[in-house]
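Engineer: Handing you a structure now.
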Amino acid sequence: MFSAYPSISPDVARLAPGFRALSISVTAAPLVKASLGEEALRKACEEVLNGQPHWAEAHLNAWSDTFRAFGAKPKRTPCSAEALRKRVLRDGLLTALDPVVDLYNAVSLRYAVPVGGENLEAYQGMPRLIISDGSEPFDTLKDGGPFVEQPDAGEVVWCDDLGVTCRRWNWRQGVRTRLNSSDKHMWFILESLPQMPIEALHEAGKMLTEGLEVMMPGVQSHVSLIETL
């Protein structure tokens with residue numbers, strides 16, 4: 001099966017002592033139960049509104065501190081998990097987008113953890129978490145059309161051999177590697193700091209893989225834990 005073997009730059013590891021992540025490579029199967037994603041999303045929104053999990057605030061505050069450490073402004077560009085939770089607290093729910101995207105957004109909400117979902121076949125080389133020099137291309141949209149921009153020098157980004165795939169660590173995903181449920185080879189990254197219990201990180205990964213198994217019977221998943229010193 002296709003597998004992603006992400007690497008973490010030592011410079012990034014020094015910015016966030018104790019950073020750890022689950023890397024999940026998936027070979028998809030035919031979509032059978034598309035409704036599962038929307039169901040999971042609805043339940044996760046309810047849990048956020050009920051103040052769960054109890055360590056969410058501490059974890060998201062730690063992410064804000066980490067963003068500040070590389071010059072980002074978390075009030076303007078928060079980590080992806082905080083951005084999702086703010087929308088739920090404001091609107092009471094999230095609109096369903098795509099079964100697989102809905103599922104991994106549900107995991108992010110339920111466990112207050114940034115979750116990225118990527119089309120692995122769109123990658124050139126393996127995913128790398130690095131500090132940008134400001135020259136790497138990032139494909140996005142502007143005024144409804146394709147647009148290429150560059151990250152700020154010193155910004156933490158995910159990238160591959162072609163350019164940046166996600167800006168400001170986990171703030172905004174690029175267009176090229178964007179995932180949907182029709183993709184055959186998927187990669188998910190669940191990113192946590194020490195304020196999130198390690199047991200909860202593994203539970204979050206299990207929620208994702210078990211949800212995919214119900215959604216796509218016969219799906220194959222490979223899970224690995226990435227830890228930094």
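A note on labels: chains of the structure tokens are A, B, ... as shown, every chain counts residues from 1, and ligands are counted from 1 in their shown order.
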Please list as a ChimeraX atom specification every residue within 9 Å of Cys166 in chain A, counting only C-alpha atoms and excluding residues in the same chain fewer than 5 positions away.

Structural biologist: /A:116,138,157-159,171-174

Engineer: Show me, as an NGL selection string, the residues that have an atom within 9 Å of Thr209 in chain A when counting only C-alpha atoms, minus same-chain residues fewer than 4 positions from it.

Structural biologist: :A and (24 or 26 or 204-205 or 213-214 or 219-221 or 223)

Engineer: Can you tell me, as a PDB file with N, CA, C and O atoms, in the first residue's frame, which residues in range 34-223 of chain A count as strand (DSSP E) by DSSP?

Structural biologist:
```pdb
ATOM      1  N   VAL A 115      -6.159  17.934  12.817  1.00  0.00           N
ATOM      2  CA  VAL A 115      -6.125  16.751  11.953  1.00  0.00           C
ATOM      3  C   VAL A 115      -6.035  17.215  10.503  1.00  0.00           C
ATOM      4  O   VAL A 115      -6.862  18.013  10.054  1.00  0.00           O
ATOM      5  N   GLY A 116      -5.048  16.726   9.801  1.00  0.00           N
ATOM      6  CA  GLY A 116      -4.933  17.004   8.379  1.00  0.00           C
ATOM      7  C   GLY A 116      -5.250  15.765   7.572  1.00  0.00           C
ATOM      8  O   GLY A 116      -4.881  14.654   7.959  1.00  0.00           O
ATOM      9  N   GLY A 117      -5.951  15.947   6.458  1.00  0.00           N
ATOM     10  CA  GLY A 117      -6.249  14.847   5.552  1.00  0.00           C
ATOM     11  C   GLY A 117      -5.767  15.197   4.164  1.00  0.00           C
ATOM     12  O   GLY A 117      -6.115  16.263   3.636  1.00  0.00           O
ATOM     13  N   GLU A 118      -4.969  14.330   3.550  1.00  0.00           N
ATOM     14  CA  GLU A 118      -4.306  14.644   2.292  1.00  0.00           C
ATOM     15  C   GLU A 118      -4.467  13.518   1.271  1.00  0.00           C
ATOM     16  O   GLU A 118      -4.523  12.331   1.635  1.00  0.00           O
ATOM     17  N   ASN A 119      -4.514  13.902   0.008  1.00  0.00           N
ATOM     18  CA  ASN A 119      -4.496  12.943  -1.105  1.00  0.00           C
ATOM     19  C   ASN A 119      -3.036  12.559  -1.341  1.00  0.00           C
ATOM     20  O   ASN A 119      -2.266  13.322  -1.927  1.00  0.00           O
ATOM     21  N   ARG A 128       7.075  16.649   4.832  1.00  0.00           N
ATOM     22  CA  ARG A 128       8.115  17.141   5.745  1.00  0.00           C
ATOM     23  C   ARG A 128       7.594  18.360   6.488  1.00  0.00           C
ATOM     24  O   ARG A 128       6.964  19.241   5.879  1.00  0.00           O
ATOM     25  N   LEU A 129       7.841  18.414   7.771  1.00  0.00           N
ATOM     26  CA  LEU A 129       7.495  19.577   8.585  1.00  0.00           C
ATOM     27  C   LEU A 129       8.779  20.366   8.816  1.00  0.00           C
ATOM     28  O   LEU A 129       9.703  19.877   9.464  1.00  0.00           O
ATOM     29  N   ILE A 130       8.828  21.581   8.265  1.00  0.00           N
ATOM     30  CA  ILE A 130      10.066  22.354   8.256  1.00  0.00           C
ATOM     31  C   ILE A 130       9.792  23.808   8.629  1.00  0.00           C
ATOM     32  O   ILE A 130       8.641  24.231   8.725  1.00  0.00           O
ATOM     33  N   ILE A 131      10.871  24.555   8.798  1.00  0.00           N
ATOM     34  CA  ILE A 131      10.777  26.005   8.908  1.00  0.00           C
ATOM     35  C   ILE A 131      11.070  26.581   7.529  1.00  0.00           C
ATOM     36  O   ILE A 131      12.132  26.353   6.960  1.00  0.00           O
ATOM     37  N   PHE A 138       3.121  27.936  -2.571  1.00  0.00           N
ATOM     38  CA  PHE A 138       1.933  27.397  -1.908  1.00  0.00           C
ATOM     39  C   PHE A 138       0.740  27.694  -2.815  1.00  0.00           C
ATOM     40  O   PHE A 138       0.418  28.854  -3.076  1.00  0.00           O
ATOM     41  N   ASP A 139       0.111  26.631  -3.312  1.00  0.00           N
ATOM     42  CA  ASP A 139      -1.009  26.820  -4.232  1.00  0.00           C
ATOM     43  C   ASP A 139      -2.307  26.957  -3.446  1.00  0.00           C
ATOM     44  O   ASP A 139      -2.633  26.126  -2.611  1.00  0.00           O
ATOM     45  N   THR A 140      -3.017  28.043  -3.729  1.00  0.00           N
ATOM     46  CA  THR A 140      -4.249  28.315  -3.012  1.00  0.00           C
ATOM     47  C   THR A 140      -5.240  28.949  -3.979  1.00  0.00           C
ATOM     48  O   THR A 140      -5.077  28.860  -5.197  1.00  0.00           O
ATOM     49  N   LEU A 141      -6.284  29.555  -3.450  1.00  0.00           N
ATOM     50  CA  LEU A 141      -7.272  30.246  -4.262  1.00  0.00           C
ATOM     51  C   LEU A 141      -7.364  31.699  -3.828  1.00  0.00           C
ATOM     52  O   LEU A 141      -7.244  32.013  -2.644  1.00  0.00           O
ATOM     53  N   LYS A 142      -7.574  32.572  -4.794  1.00  0.00           N
ATOM     54  CA  LYS A 142      -7.760  33.995  -4.501  1.00  0.00           C
ATOM     55  C   LYS A 142      -8.733  34.561  -5.520  1.00  0.00           C
ATOM     56  O   LYS A 142      -8.560  34.359  -6.727  1.00  0.00           O
ATOM     57  N   GLY A 145     -10.031  32.064  -8.088  1.00  0.00           N
ATOM     58  CA  GLY A 145      -9.159  31.409  -9.061  1.00  0.00           C
ATOM     59  C   GLY A 145      -7.870  30.927  -8.448  1.00  0.00           C
ATOM     60  O   GLY A 145      -7.528  31.301  -7.313  1.00  0.00           O
ATOM     61  N   PRO A 146      -7.111  30.095  -9.175  1.00  0.00           N
ATOM     62  CA  PRO A 146      -5.833  29.594  -8.654  1.00  0.00           C
ATOM     63  C   PRO A 146      -4.863  30.743  -8.381  1.00  0.00           C
ATOM     64  O   PRO A 146      -4.816  31.730  -9.125  1.00  0.00           O
ATOM     65  N   PHE A 147      -4.089  30.579  -7.319  1.00  0.00           N
ATOM     66  CA  PHE A 147      -3.134  31.618  -6.938  1.00  0.00           C
ATOM     67  C   PHE A 147      -1.982  30.950  -6.203  1.00  0.00           C
ATOM     68  O   PHE A 147      -2.195  30.033  -5.410  1.00  0.00           O
ATOM     69  N   VAL A 148      -0.774  31.393  -6.477  1.00  0.00           N
ATOM     70  CA  VAL A 148       0.404  30.865  -5.795  1.00  0.00           C
ATOM     71  C   VAL A 148       0.990  31.965  -4.922  1.00  0.00           C
ATOM     72  O   VAL A 148       1.245  33.084  -5.393  1.00  0.00           O
ATOM     73  N   GLU A 149       1.193  31.634  -3.648  1.00  0.00           N
ATOM     74  CA  GLU A 149       1.810  32.565  -2.718  1.00  0.00           C
ATOM     75  C   GLU A 149       2.979  31.880  -2.028  1.00  0.00           C
ATOM     76  O   GLU A 149       3.202  30.671  -2.197  1.00  0.00           O
ATOM     77  N   VAL A 156       6.469  27.792  10.147  1.00  0.00           N
ATOM     78  CA  VAL A 156       6.452  26.329  10.138  1.00  0.00           C
ATOM     79  C   VAL A 156       5.434  25.866   9.103  1.00  0.00           C
ATOM     80  O   VAL A 156       4.279  26.301   9.114  1.00  0.00           O
ATOM     81  N   VAL A 157       5.864  24.990   8.198  1.00  0.00           N
ATOM     82  CA  VAL A 157       4.989  24.515   7.128  1.00  0.00           C
ATOM     83  C   VAL A 157       5.195  23.019   6.903  1.00  0.00           C
ATOM     84  O   VAL A 157       6.278  22.479   7.132  1.00  0.00           O
ATOM     85  N   TRP A 158       4.133  22.379   6.423  1.00  0.00           N
ATOM     86  CA  TRP A 158       4.250  21.052   5.836  1.00  0.00           C
ATOM     87  C   TRP A 158       4.526  21.223   4.347  1.00  0.00           C
ATOM     88  O   TRP A 158       3.935  22.098   3.697  1.00  0.00           O
ATOM     89  N   CYS A 159       5.411  20.390   3.802  1.00  0.00           N
ATOM     90  CA  CYS A 159       5.733  20.514   2.388  1.00  0.00           C
ATOM     91  C   CYS A 159       6.123  19.156   1.814  1.00  0.00           C
ATOM     92  O   CYS A 159       6.314  18.178   2.548  1.00  0.00           O
ATOM     93  N   VAL A 164       4.820  23.874  -0.557  1.00  0.00           N
ATOM     94  CA  VAL A 164       4.106  23.832   0.717  1.00  0.00           C
ATOM     95  C   VAL A 164       2.736  23.185   0.522  1.00  0.00           C
ATOM     96  O   VAL A 164       2.020  23.491  -0.437  1.00  0.00           O
ATOM     97  N   THR A 165       2.381  22.286   1.414  1.00  0.00           N
ATOM     98  CA  THR A 165       1.064  21.651   1.372  1.00  0.00           C
ATOM     99  C   THR A 165       0.137  22.178   2.465  1.00  0.00           C
ATOM    100  O   THR A 165      -1.081  22.055   2.350  1.00  0.00           O
ATOM    101  N   CYS A 166       0.701  22.756   3.529  1.00  0.00           N
ATOM    102  CA  CYS A 166      -0.118  23.351   4.587  1.00  0.00           C
ATOM    103  C   CYS A 166       0.680  24.471   5.252  1.00  0.00           C
ATOM    104  O   CYS A 166       1.814  24.239   5.695  1.00  0.00           O
ATOM    105  N   ARG A 167       0.102  25.652   5.319  1.00  0.00           N
ATOM    106  CA  ARG A 167       0.782  26.801   5.906  1.00  0.00           C
ATOM    107  C   ARG A 167       0.547  26.884   7.413  1.00  0.00           C
ATOM    108  O   ARG A 167      -0.412  26.360   7.948  1.00  0.00           O
ATOM    109  N   ARG A 172      -3.777  26.325   7.216  1.00  0.00           N
ATOM    110  CA  ARG A 172      -4.487  26.335   5.941  1.00  0.00           C
ATOM    111  C   ARG A 172      -3.851  25.368   4.951  1.00  0.00           C
ATOM    112  O   ARG A 172      -2.668  25.459   4.651  1.00  0.00           O
ATOM    113  N   GLN A 173      -4.677  24.477   4.430  1.00  0.00           N
ATOM    114  CA  GLN A 173      -4.235  23.441   3.499  1.00  0.00           C
ATOM    115  C   GLN A 173      -4.198  23.979   2.073  1.00  0.00           C
ATOM    116  O   GLN A 173      -5.014  24.824   1.688  1.00  0.00           O
ATOM    117  N   HIS A 185      -5.657   6.787  -2.189  1.00  0.00           N
ATOM    118  CA  HIS A 185      -4.584   6.709  -1.194  1.00  0.00           C
ATOM    119  C   HIS A 185      -4.585   8.000  -0.375  1.00  0.00           C
ATOM    120  O   HIS A 185      -4.414   9.090  -0.922  1.00  0.00           O
ATOM    121  N   MET A 186      -4.803   7.842   0.911  1.00  0.00           N
ATOM    122  CA  MET A 186      -5.011   8.978   1.805  1.00  0.00           C
ATOM    123  C   MET A 186      -3.952   8.994   2.899  1.00  0.00           C
ATOM    124  O   MET A 186      -3.416   7.948   3.276  1.00  0.00           O
ATOM    125  N   TRP A 187      -3.692  10.186   3.373  1.00  0.00           N
ATOM    126  CA  TRP A 187      -2.783  10.316   4.509  1.00  0.00           C
ATOM    127  C   TRP A 187      -3.385  11.302   5.505  1.00  0.00           C
ATOM    128  O   TRP A 187      -3.845  12.382   5.116  1.00  0.00           O
ATOM    129  N   PHE A 188      -3.379  10.887   6.768  1.00  0.00           N
ATOM    130  CA  PHE A 188      -3.894  11.724   7.845  1.00  0.00           C
ATOM    131  C   PHE A 188      -2.791  11.956   8.869  1.00  0.00           C
ATOM    132  O   PHE A 188      -2.003  11.049   9.170  1.00  0.00           O
ATOM    133  N   ILE A 189      -2.753  13.169   9.410  1.00  0.00           N
ATOM    134  CA  ILE A 189      -1.796  13.481  10.461  1.00  0.00           C
ATOM    135  C   ILE A 189      -2.555  14.134  11.605  1.00  0.00           C
ATOM    136  O   ILE A 189      -3.267  15.125  11.417  1.00  0.00           O
ATOM    137  N   LEU A 190      -2.471  13.538  12.789  1.00  0.00           N
ATOM    138  CA  LEU A 190      -3.113  14.038  14.006  1.00  0.00           C
ATOM    139  C   LEU A 190      -2.003  14.576  14.898  1.00  0.00           C
ATOM    140  O   LEU A 190      -1.131  13.813  15.338  1.00  0.00           O
ATOM    141  N   GLU A 191      -2.012  15.880  15.171  1.00  0.00           N
ATOM    142  CA  GLU A 191      -0.876  16.553  15.794  1.00  0.00           C
ATOM    143  C   GLU A 191      -1.222  17.012  17.210  1.00  0.00           C
ATOM    144  O   GLU A 191      -2.200  17.736  17.411  1.00  0.00           O
ATOM    145  N   SER A 192      -0.382  16.615  18.169  1.00  0.00           N
ATOM    146  CA  SER A 192      -0.696  16.963  19.552  1.00  0.00           C
ATOM    147  C   SER A 192       0.529  17.491  20.291  1.00  0.00           C
ATOM    148  O   SER A 192       1.677  17.239  19.921  1.00  0.00           O
ATOM    149  N   GLN A 220      -7.609  -0.364   4.156  1.00  0.00           N
ATOM    150  CA  GLN A 220      -6.382  -0.757   4.846  1.00  0.00           C
ATOM    151  C   GLN A 220      -5.724   0.488   5.440  1.00  0.00           C
ATOM    152  O   GLN A 220      -5.568   1.498   4.745  1.00  0.00           O
ATOM    153  N   SER A 221      -5.341   0.411   6.703  1.00  0.00           N
ATOM    154  CA  SER A 221      -4.735   1.549   7.387  1.00  0.00           C
ATOM    155  C   SER A 221      -3.441   1.136   8.074  1.00  0.00           C
ATOM    156  O   SER A 221      -3.347   0.035   8.624  1.00  0.00           O
ATOM    157  N   HIS A 222      -2.473   2.023   8.022  1.00  0.00           N
ATOM    158  CA  HIS A 222      -1.217   1.826   8.746  1.00  0.00           C
ATOM    159  C   HIS A 222      -0.997   3.033   9.645  1.00  0.00           C
ATOM    160  O   HIS A 222      -0.945   4.170   9.158  1.00  0.00           O
ATOM    161  N   VAL A 223      -0.866   2.798  10.948  1.00  0.00           N
ATOM    162  CA  VAL A 223      -0.749   3.872  11.937  1.00  0.00           C
ATOM    163  C   VAL A 223       0.633   3.844  12.554  1.00  0.00           C
ATOM    164  O   VAL A 223       1.117   2.793  12.966  1.00  0.00           O
TER     165      VAL A 223
END
```

Engineer: Can you write out as a tab-separated table which residues of range 70-123 of chain A fall within 10 Å of range 62-65 of chain A, alongside each residue's closest atom pair and its distance in Å to one decimal, counting only C-alpha atoms and ordering rows by chain and ascending residue number?

Structural biologist:
```
residue	atom	partner	partner_atom	distance
A:Phe70	CA	A:Asp65	CA	9.2
A:Gly71	CA	A:Asp65	CA	10.0
A:Ala72	CA	A:Ser64	CA	8.7
A:Lys73	CA	A:Ser64	CA	8.0
A:Pro74	CA	A:Ser64	CA	5.4
A:Lys75	CA	A:Ser64	CA	8.2
A:Thr77	CA	A:Ser64	CA	9.5
A:Pro78	CA	A:Ser64	CA	6.9
A:Cys79	CA	A:Trp63	CA	6.7
A:Ser80	CA	A:Trp63	CA	9.9
A:Ala81	CA	A:Trp63	CA	9.4
A:Glu82	CA	A:Trp63	CA	8.9
A:Val113	CA	A:Trp63	CA	9.6
A:Pro114	CA	A:Trp63	CA	9.5
```

Engineer: With distances taken over only C-alpha atoms, which of A:His54, A:Ser182, A:Leu93, A:Met126 is nearest to Ile8 in chain A?

Structural biologist: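 Among the listed residues, A:Met126 lies closest to Ile8 in chain A.
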
Engineer: As a list in words, please: the residues near range 41-43 of chain A (cut-off 10 Å, only C-alpha atoms, same-chain neighbours under 6 positions excluded).

Structural biologist: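 Non-adjacent residues within range: Gly92, Leu93, Leu94, Thr95, Ala96, Pro99, Val101, Asp102, Leu103, Tyr104, Asn105, Ala106, Val107, Ser108, Leu109 and Arg110 of chain A.
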